[in-house]
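A.B. asks: Pasting in a structure now, in structure tokens, and then I'll have a few things to ask.
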Amino acid sequence: MEPKECRHAKDLFSDRLDGELESAEAAFLEGHLGGCGDCRAEWESFEKIFLAVRELPEIDVSGSFETRLAARIRLEEKGRRRGSWWTDLARLPLPMPLGAAAIVLFAVFAFNRYSGENPGNEGSIAAGESHTAPATDVARVENTRPSFLPDGAVRGAGNVVALRYGPPRPRADLHANSRSHRPGDPVGVPLEGPYPRGYGFDGLQDDTREAAISGTVDTFQAR
Amino acid sequence: MTGERAAGPVREATDEELMLRYQNAEEEAFTELVRRFKSRLVSAAYRVVGDYDKAEDVVQETFLRVHRNAHRYRNIAKFSTWIYTIALNVARNELRNTKRKKLVSLDAFGAAGDSDSDRTTWDIPDESARPDLDVQNRELRSIFENAIGKLPVRYRTVFVLRDVQGLSYEEIATILKMPKGTVKSRMNRARQRFRELIEPFVG
Ligand SMILES: [Zn+2]
């Protein structure tokens with residue numbers, strides 16, 4: 001069993017290497033190394049190893065690095081210029097499916113509320129439903145009434161309600177303002193977001209990217 | 001706009017000045033920042049994620065975020081701290097994704113994954129070789145690189161930032177958002193672990 005003093009001495013090696021020892025610790029270590037051959041040898045090997053680690057060479061980037069970066073930035077700028085409220089919302093650091101679902105629900109609500117064919121309270125019922133139901137998809141309901149709605153809540157055609165787990169059947173007019181989401185694309189997955197997909201960074205998902213950057217930059221600003 | 005700029009050549013500007021100049025749409029300033037940081041960041045990212053292509057992707061994404069968030073940068077933080085923070089976040093996301101994929105594929109075979117070690121293949125040199133402690137020696141380099149990759153992620157990150165990149169403890173504490181004391185004690189353990197890992201190969 002190693003003497004306690006030796007263990008304590010070795011525990012200080014890392015700080016000694018960094019020049020971070022307090023004077024009392026430094027004095028103890030100097031004294032111990034002066035009298036303990038084992039620890040002295042240990043220290044010498046320790047120092048040698050980590051001085052060598054510092055000499056690990058820098059790694060060069062590949063020749064096309066700048067060109068590829070410039071291309072990505074140009075693509076991103078192009079996307080931003082074409083950007084709409086949809087792409088702006090898509091930049092929010094929400095988990096992507098949740099964010100998309102929220103946006104679609106909002107659009108549904110807005111459509112219902114402001115489209116002339118739908119006077120009265122249906123809009124608010126549809127919106128209320130969208131708050132309470134764990135809706136994952138939105139479908140347009142034509143002349144049918146889902147059983148979980150109260151009687152008379154939905155009348156006739158043109159009502160849009162949130163359905164639980166209904167099949168995704170997007171409406172062209174819901175996305176009329178969005179150039180990043182074409183009619184016919186599945187709802188909830190922005191296929192053509194502000195970041196070009198398939199451009200060398202498929203490993204990272206949009207939501208984790210955004211979470212990382214917003215976590216980072218905002219805390220930084222706050223400092 | 002360009003004519004009235006009295007900022008001088010980009011090569012002489014500090015990182016922070018370059019970033020402020022880029023906020024004023026001076027593209028050359030960004031080019032200079034890329035020139036200054038690309039190798040440093042790829043070196044760090046490579047040693048964290050353990051794969052050269054992924055490391056380049058991480059750094060591409062990092063610069064893209066710098067571009068995207070340029071307007072958010074304030075000259076109260078060192079630019080290097082800021083960009084390292086972004087790069088480390090991207091790199092750790094990359095590790096998380098790799099691990100997730102790996103766990104899924106391991107699950108398919110009913111095997112358990114080592115939650116700490118993220119790399120799959122190891123090119124371990126012959127134990128009998130025992131090279132000198134000179135990292136110009138390719139064999140020693142590969143022993144070192146392998147050992148770094150075998151460190152648990154929480155040790156590996158501080159180890160790379162401190163011993164390979166030579167950042168200060170203050171800077172690392174800011175980047176990793178943890179107290180300086182925590183960084184130092186992790187570093188202590190990281191170095192002990194690193195020594196144990198290379199011990200069989202280095203005399
Ligand atoms: Zn001793």
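FYI, nothing fancy with the structure tokens labels: chains A, B, ... in order, residues from 1 per chain, ligands from 1 as they appear.
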Hey, what's within 8 Å of Asp15 of chain A if we count only C-alpha atoms and toss same-chain stuff fewer than 4 positions away? As a list in words, please?
C.D. replies: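 Listing them by chain and then by number gives Gly19, Glu20 and Leu21 of chain A; Lys184 and Asn188 of chain B.
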A.B. asks: Which chain A residues are at most 6 Å from chain B (counting only C-alpha atoms), as a list in words?
C.D. replies: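 Taken together, these residues fit the definition: Ser14, Arg54, Glu58, Ile59, Asp60, Val61 and Ala212 of chain A.
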A.B. asks: Please produce a file of the residues just selected, as a PDB file, in the first residue's frame, where the atoms kept are N, CA and C atoms.
C.D. replies:
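Wrote it out as out.pdb, contents follow:
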ATOM      1  N   SER A  14      -0.900  17.308 -11.329  1.00  0.00           N
ATOM      2  CA  SER A  14      -1.623  17.989 -12.402  1.00  0.00           C
ATOM      3  C   SER A  14      -1.572  19.504 -12.200  1.00  0.00           C
ATOM      4  N   ARG A  54       1.334  18.111 -25.500  1.00  0.00           N
ATOM      5  CA  ARG A  54       1.193  19.485 -26.018  1.00  0.00           C
ATOM      6  C   ARG A  54       1.823  19.663 -27.385  1.00  0.00           C
ATOM      7  N   GLU A  58      -1.122  20.165 -35.017  1.00  0.00           N
ATOM      8  CA  GLU A  58      -2.436  20.584 -35.468  1.00  0.00           C
ATOM      9  C   GLU A  58      -2.794  19.821 -36.729  1.00  0.00           C
ATOM     10  N   ILE A  59      -4.079  19.624 -36.927  1.00  0.00           N
ATOM     11  CA  ILE A  59      -4.535  18.872 -38.097  1.00  0.00           C
ATOM     12  C   ILE A  59      -5.033  19.853 -39.150  1.00  0.00           C
ATOM     13  N   ASP A  60      -4.563  19.663 -40.365  1.00  0.00           N
ATOM     14  CA  ASP A  60      -4.972  20.568 -41.439  1.00  0.00           C
ATOM     15  C   ASP A  60      -6.367  20.231 -41.945  1.00  0.00           C
ATOM     16  N   VAL A  61      -7.067  21.253 -42.383  1.00  0.00           N
ATOM     17  CA  VAL A  61      -8.354  20.990 -43.021  1.00  0.00           C
ATOM     18  C   VAL A  61      -8.094  20.613 -44.471  1.00  0.00           C
ATOM     19  N   ALA A 212     -28.556  23.873 -29.604  1.00  0.00           N
ATOM     20  CA  ALA A 212     -27.174  24.121 -29.220  1.00  0.00           C
ATOM     21  C   ALA A 212     -26.808  25.581 -29.415  1.00  0.00           C
TER      22      ALA A 212
END
A.B. asks: Please find the residues contacting ligand 1 at a distance of at most 12 Å between atoms, with only C-alpha atoms and all ligand atoms counted, and report them as a count of residues only.
C.D. replies: 29
A.B. asks: If I take atom CA of Glu196 of chain B and atom CA of Lys101 of chain B, how far is one from the other in Å, to one decimal?
C.D. replies: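 Answer for the atom CA of Glu196 of chain B to atom CA of Lys101 of chain B separation: 29.2 Å.
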